[in-house]
Structure formats: C-alpha cells, structure tokens
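Engineer: Got a structure for you, questions after.
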Amino acid sequence: MAVSTAPRPAAPKPLPNMQRQDTWWIEPVLVVATLVLFIIYGTYRAFENNFYDTMRIVEAHGGLKNGVAFFGTYAPHYLSPFYSPPIQDWYESLFHSKMAVSPSLLLLAFPGSFRATCYFARRSYYRAFFWDPPACAVREIAQARRKNYTGEREFPFVLQNLHRYALYAIFVVVLFHWMHLVQALFFSDAEGKSHFGVGVGTLIVLVDTVLLSLYVFSCHSFRHLVGGVLNRFSSNKARFNVWMNVSALNARHGLYFWLSLITVGLADVYIRLVSTGAIRDLHIVF
Ligand code: FES
C-alpha cells in the first residue's frame, strides 16, 4: 500500500481576540443587561412583599363595597407569578398570621434554580459573564485559566447537575400558573359574587402561562425524561411520538427561555400597577 509522504497541513492558528469584525459582542451585552435588570427587579419585588394579589387589596380595603375606586365595579383576581403558589394564603389560614419572611423569597428559589441550571441559560451566561469565550470564534480573554479548566466537574459548577431535579419542582409552578389563569377569568362584584370575564391582565397571564409551559416542556431534561433510557424507540411508539414533539419544541428552547423570562416580569409589573391603582385594568365582564 502506498503511503503518502506529503507533509500534513499545519494546525490552524488560534484566532486573535478580535479577528471577528461583526457585532458578536451585542449578544453578551444584551444577556448581561437583561439578566441584571431581571435580578434587580425580582429582588426588589421579593422584598417589597406587597401589591402582588388584587384580591388582597380588596380585602385590605374591607371589600369593594367600601370603595377601591381604582378597580371600578368589578375587582380582577390576578396573582403575581412572583408570589405563586399562594403559600402566604395557606400559611395565614393555618397559623392566622403573616409569614415572617416574604413568601416570594422562598418561592423564587424554585424557578430561579431551574433557570440558572438550564443548559441554554448556562451557554448564555457563561459567555456573557465569564467571557470564556464570549462568542464563537473569539478567543478566551484569560487564556491562562485554561490550565485549570475543569468544566462542570467541580464545585460549584457540578451543582448544575441538579437541573433534572429542579425540573420536577417547576412542574408544580406551571400547574399553578394555569390555575391562576383560570382565576383571572373571574371578577368579583361589590357583593363578593364572581362573574366570568376577560381583562387585559387575563391576556397577560395567558401569554405568560403559555410561554412558561413552552419553555418548561421544551427543556432538554424533559426531552430525556420522555424519551430516554430506551434501547429502541420501536419498543415504545407512544414515548417516541412524545419525544418527537418535545424535540420539535426543543429547537426553540432558547427563544422560549427569553420570552418567558420577559413575560413573567411584565406580568408582575402589570399586576403591581393595577394593585397600586397606577393603572386601571380594562375588562369585559359577562
Ligand atoms: Fe433549559 Fe431544561 S435545559 S430548562
């Protein structure tokens, strides 16, 4: 057999830091700006511990009869996603007192850990915050760190493996989102009777709930949950079909991550504005 004696092509030289001439830096800048803004706002709202439930505002005023002028004839039933599930209500009915800490501080740990360990989110914030590297075909800024690079095998990054368990907790959060959407379809009159209706807040809660569901059910871990641990898909056609559908959703997982993050924040902003009387919720009640 003839053996080629031609010299091997030289290995490509590493890219210099700024060889790319396009605007690759826009993505990391947007990621940092969005995440920092969201974390600051979420922390503020968690500590505020107020204006998250329109029905609480009605109760605080002694009912619509006594006049919560900014609600008008009907009071909407909106609960901020930052305070869901309503553990404050459960605690109060059990112990007849308010919780010592804001319920949101406890609740945000679940969606917070789920999002922080999300495979797509890791890709985004590793690039944006650690610049290791900040984008494809851009060299790491701190090349020296490569010697000690251990990926996600050591503490604290090894904790990212908890994502599959955070997934189970987020199922409960999604379930409560749908329950709050149903609640948002009912409006209370001065007598305390419920009437079916649709308000701007209902539509915002609907969009937030649908996008959160798309985000969760397009998760890589969920894809493994429904289709993994099978030697052959032919042995379980039902799981194969579910896996195909989750895979189709998974192709847009990053988009759902950002859209659901933005809508969960907007839903809270809207409910806060309505609860403080800064704006009036427009609704049609049947
Ligand atoms: Fe993103 Fe699971 S991989 S939520």
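Please note that chains go A, B, ... in the order of the structure tokens, that every chain numbers its residues from 1, and that ligands are numbered from 1 in the order shown.
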List all protein, DNA and RNA residues that have at least one atom no more than 6 Å from any atom of ligand 1, counting only C-alpha atoms and all ligand atoms, and write them as a PyMOL selection string.
Structural biologist: chain A and resi 118-120+216+219-221
Engineer: I'd like the neighbourhood of Val172 (chain A) as a ChimeraX atom specification, where a residue qualifies if any of its atoms comes within 12 Å (using only C-alpha atoms), though same-chain residues fewer than 4 positions away should be ignored.
Structural biologist: /A:84-85,107,110-111,166-168,176-179,213,216
Engineer: Store the residues picked out above, limited to all heavy atoms, as a CSV table (one decimal), in the first residue's frame.
Structural biologist:
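Just written: out-v9.csv:
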```csv
chain,number,residue,atom,x,y,z
A,84,SER,N,-46.4,33.0,43.4
A,84,SER,CA,-47.2,31.8,43.2
A,84,SER,C,-46.3,30.6,43.4
A,84,SER,O,-45.1,30.6,43.0
A,84,SER,CB,-47.7,31.8,41.7
A,84,SER,OG,-48.2,30.5,41.4
A,85,PRO,N,-46.8,29.5,44.0
A,85,PRO,CA,-48.1,29.2,44.6
A,85,PRO,C,-48.4,30.1,45.8
A,85,PRO,O,-47.5,30.6,46.4
A,85,PRO,CB,-48.0,27.7,45.0
A,85,PRO,CG,-46.8,27.2,44.3
A,85,PRO,CD,-45.9,28.3,44.1
A,107,LEU,N,-40.2,31.3,47.3
A,107,LEU,CA,-40.7,30.7,46.0
A,107,LEU,C,-39.7,30.9,44.9
A,107,LEU,O,-39.6,30.0,44.0
A,107,LEU,CB,-42.0,31.4,45.7
A,107,LEU,CG,-43.2,31.0,46.7
A,107,LEU,CD1,-44.4,32.0,46.4
A,107,LEU,CD2,-43.6,29.6,46.5
A,110,PHE,N,-37.2,28.2,43.4
A,110,PHE,CA,-37.5,27.1,42.5
A,110,PHE,C,-37.4,27.5,41.0
A,110,PHE,O,-36.5,26.9,40.3
A,110,PHE,CB,-38.9,26.5,42.8
A,110,PHE,CG,-38.9,26.0,44.2
A,110,PHE,CD1,-39.5,26.7,45.3
A,110,PHE,CD2,-38.4,24.7,44.5
A,110,PHE,CE1,-39.5,26.2,46.6
A,110,PHE,CE2,-38.4,24.2,45.8
A,110,PHE,CZ,-39.0,24.9,46.8
A,111,PRO,N,-38.1,28.5,40.6
A,111,PRO,CA,-37.8,28.9,39.2
A,111,PRO,C,-36.4,29.4,39.0
A,111,PRO,O,-35.8,29.3,37.9
A,111,PRO,CB,-38.9,30.0,38.9
A,111,PRO,CG,-39.4,30.4,40.2
A,111,PRO,CD,-39.2,29.3,41.1
A,166,ALA,N,-34.6,20.1,39.6
A,166,ALA,CA,-35.4,21.3,39.5
A,166,ALA,C,-36.5,21.2,38.6
A,166,ALA,O,-37.6,21.9,38.8
A,166,ALA,CB,-34.4,22.5,39.1
A,167,LEU,N,-36.4,20.4,37.6
A,167,LEU,CA,-37.5,20.2,36.6
A,167,LEU,C,-38.8,19.7,37.3
A,167,LEU,O,-39.9,20.2,37.0
A,167,LEU,CB,-37.1,19.2,35.5
A,167,LEU,CG,-38.1,18.8,34.5
A,167,LEU,CD1,-38.5,19.9,33.6
A,167,LEU,CD2,-37.6,17.6,33.7
A,168,TYR,N,-38.6,18.8,38.3
A,168,TYR,CA,-39.8,18.3,38.9
A,168,TYR,C,-40.5,19.4,39.7
A,168,TYR,O,-41.8,19.5,39.7
A,168,TYR,CB,-39.5,17.2,39.9
A,168,TYR,CG,-38.9,16.0,39.2
A,168,TYR,CD1,-37.6,15.5,39.5
A,168,TYR,CD2,-39.6,15.4,38.1
A,168,TYR,CE1,-37.0,14.4,38.8
A,168,TYR,CE2,-39.0,14.3,37.4
A,168,TYR,CZ,-37.8,13.8,37.8
A,168,TYR,OH,-37.2,12.8,37.1
A,176,PHE,N,-49.6,25.7,38.8
A,176,PHE,CA,-50.2,26.8,39.5
A,176,PHE,C,-50.4,28.0,38.5
A,176,PHE,O,-51.4,28.8,38.7
A,176,PHE,CB,-49.4,27.2,40.7
A,176,PHE,CG,-49.9,26.5,41.9
A,176,PHE,CD1,-49.2,25.3,42.3
A,176,PHE,CD2,-50.9,26.9,42.7
A,176,PHE,CE1,-49.7,24.6,43.4
A,176,PHE,CE2,-51.4,26.2,43.8
A,176,PHE,CZ,-50.7,25.0,44.2
A,177,HIS,N,-49.6,28.2,37.6
A,177,HIS,CA,-49.8,29.2,36.6
A,177,HIS,C,-51.1,29.0,35.9
A,177,HIS,O,-51.9,30.0,35.7
A,177,HIS,CB,-48.6,29.2,35.5
A,177,HIS,CG,-47.5,30.2,35.8
A,177,HIS,ND1,-46.7,30.1,36.9
A,177,HIS,CD2,-47.2,31.3,35.2
A,177,HIS,CE1,-45.8,31.1,36.9
A,177,HIS,NE2,-46.1,31.9,35.8
A,178,TRP,N,-51.4,27.8,35.5
A,178,TRP,CA,-52.7,27.5,34.8
A,178,TRP,C,-53.8,27.7,35.7
A,178,TRP,O,-54.9,28.3,35.3
A,178,TRP,CB,-52.6,26.1,34.2
A,178,TRP,CG,-51.8,26.0,33.0
A,178,TRP,CD1,-50.5,25.6,32.9
A,178,TRP,CD2,-52.2,26.4,31.6
A,178,TRP,NE1,-50.0,25.7,31.6
A,178,TRP,CE2,-51.1,26.2,30.8
A,178,TRP,CE3,-53.3,26.9,31.1
A,178,TRP,CZ2,-51.1,26.5,29.4
A,178,TRP,CZ3,-53.4,27.2,29.7
A,178,TRP,CH2,-52.3,27.0,28.9
A,179,MET,N,-53.7,27.4,37.0
A,179,MET,CA,-54.8,27.6,37.9
A,179,MET,C,-55.0,29.1,38.1
A,179,MET,O,-56.2,29.6,38.2
A,179,MET,CB,-54.5,27.0,39.3
A,179,MET,CG,-54.6,25.5,39.2
A,179,MET,SD,-53.8,24.6,40.6
A,179,MET,CE,-54.8,25.2,42.0
A,213,SER,N,-45.0,27.4,29.9
A,213,SER,CA,-45.2,26.0,29.6
A,213,SER,C,-44.3,25.6,28.4
A,213,SER,O,-43.7,24.5,28.4
A,213,SER,CB,-46.7,25.8,29.2
A,213,SER,OG,-47.5,26.2,30.3
A,216,VAL,N,-40.8,25.2,29.7
A,216,VAL,CA,-40.5,24.0,30.5
A,216,VAL,C,-40.6,22.7,29.7
A,216,VAL,O,-39.8,21.8,29.8
A,216,VAL,CB,-41.6,24.0,31.7
A,216,VAL,CG1,-41.5,22.6,32.4
A,216,VAL,CG2,-41.3,25.1,32.7
```
Engineer: Which residue gives the smallest distance to Arg127 (chain A) among A:Asp53, A:Glu48, A:Glu27, A:Asp89, with only C-alpha atoms counted?
Structural biologist: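 Once distances to Arg127 (chain A) are computed over only C-alpha atoms, the minimum belongs to A:Glu27.
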Engineer: What does the distance between CA of Val210 (chain A) and CA of Trp258 (chain A) come to in Å, to one decimal place?
Structural biologist: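 For CA of Val210 (chain A) relative to CA of Trp258 (chain A), the distance reads 13.3 Å.
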Engineer: May I ask which of the residues A:Leu206, A:Leu273, A:Cys136, A:Ala128 is the closest one to Asp22 (chain A), counting only C-alpha atoms?
Structural biologist: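 Looking at the shortest contact to Asp22 (chain A), the residue is A:Cys136.
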Engineer: Looking only at alpha helix (DSSP H) from DSSP on the backbone, list the matching residues of region 26-67 of chain A as an MDAnalysis selection string.
Structural biologist: chainID A and resid 26:48 54:60
Engineer: Which residues come within 9 Å of Thr209 (chain A), counting only C-alpha atoms, excluding same-chain residues fewer than 6 positions away, as a PDB file with N, CA and C atoms, in the first residue's frame?
Structural biologist:
```
ATOM      1  N   VAL A 174     -45.735  25.422  37.033  1.00  0.00           N
ATOM      2  CA  VAL A 174     -46.522  25.528  35.793  1.00  0.00           C
ATOM      3  C   VAL A 174     -47.998  25.231  36.090  1.00  0.00           C
ATOM      4  N   HIS A 177     -49.565  28.174  37.574  1.00  0.00           N
ATOM      5  CA  HIS A 177     -49.763  29.234  36.577  1.00  0.00           C
ATOM      6  C   HIS A 177     -51.098  29.034  35.860  1.00  0.00           C
ATOM      7  N   TRP A 178     -51.383  27.787  35.485  1.00  0.00           N
ATOM      8  CA  TRP A 178     -52.651  27.511  34.781  1.00  0.00           C
ATOM      9  C   TRP A 178     -53.835  27.746  35.707  1.00  0.00           C
ATOM     10  N   LEU A 181     -54.461  31.348  35.881  1.00  0.00           N
ATOM     11  CA  LEU A 181     -55.081  31.828  34.645  1.00  0.00           C
ATOM     12  C   LEU A 181     -56.602  31.639  34.730  1.00  0.00           C
ATOM     13  N   SER A 260     -40.249  33.828  27.958  1.00  0.00           N
ATOM     14  CA  SER A 260     -40.945  33.549  29.220  1.00  0.00           C
ATOM     15  C   SER A 260     -40.342  34.348  30.366  1.00  0.00           C
ATOM     16  N   THR A 263     -41.911  37.827  29.899  1.00  0.00           N
ATOM     17  CA  THR A 263     -43.345  37.918  30.199  1.00  0.00           C
ATOM     18  C   THR A 263     -43.639  37.691  31.680  1.00  0.00           C
ATOM     19  N   VAL A 264     -42.822  36.888  32.354  1.00  0.00           N
ATOM     20  CA  VAL A 264     -43.076  36.706  33.787  1.00  0.00           C
ATOM     21  C   VAL A 264     -42.819  38.030  34.518  1.00  0.00           C
TER      22      VAL A 264
END
```
Engineer: Would you give me, as a Markdown table, each residue of region 90-171 of chain A having an atom within 12 Å of an atom of region 34-41 of chain A, along with its shortest atom pair and that distance in Å to one decimal, using only C-alpha atoms and sorting by chain and residue number?
Structural biologist:
```
| residue | atom | partner | partner_atom | distance |
| --- | --- | --- | --- | --- |
| A:Leu108 | CA | A:Ile39 | CA | 10.7 |
| A:Gly112 | CA | A:Ile39 | CA | 9.7 |
| A:Arg115 | CA | A:Leu35 | CA | 11.0 |
| A:Ala116 | CA | A:Leu35 | CA | 10.6 |
| A:Ala121 | CA | A:Leu35 | CA | 10.2 |
| A:Ser124 | CA | A:Leu35 | CA | 10.3 |
| A:Tyr125 | CA | A:Leu35 | CA | 8.7 |
| A:Ala128 | CA | A:Leu35 | CA | 10.1 |
| A:Phe129 | CA | A:Leu35 | CA | 10.4 |
```
Engineer: Determine which residues of region 35-282 of chain A DSSP labels as strand (DSSP E) from the backbone of this structure, then write them out as a list in words.
Structural biologist: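 Listing strand (DSSP E) positions across region 35-282 of chain A yields Phe186, Phe187, Ser188, Ser194, His195, Phe196, Gly197, Val198 and Gly199 of chain A.
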Engineer: With only C-alpha atoms as the counted atoms, please give the residues lying no more than 8 Å from region 73-83 of chain A, apart from itself and same-chain residues fewer than 2 positions off, as number ranges by chain.
Structural biologist: A: 42, 45-46, 52-55, 58, 64, 71, 85-87, 103-104, 107-108, 177, 180, 183-190, 199, 201-202, 264, 267-268, 271-272, 281
Engineer: Please, what distance in Å, to one decimal, runs between CA of Lys98 (chain A) and CA of Thr43 (chain A)?
Structural biologist: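 The value is 19.7 Å.
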Engineer: Could you jot down the CA of Lys237 (chain A) to CA of Ala251 (chain A) separation for me, Å, one decimal place?
Structural biologist: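 About the pair CA of Lys237 (chain A) and CA of Ala251 (chain A): they are 21.3 Å apart.
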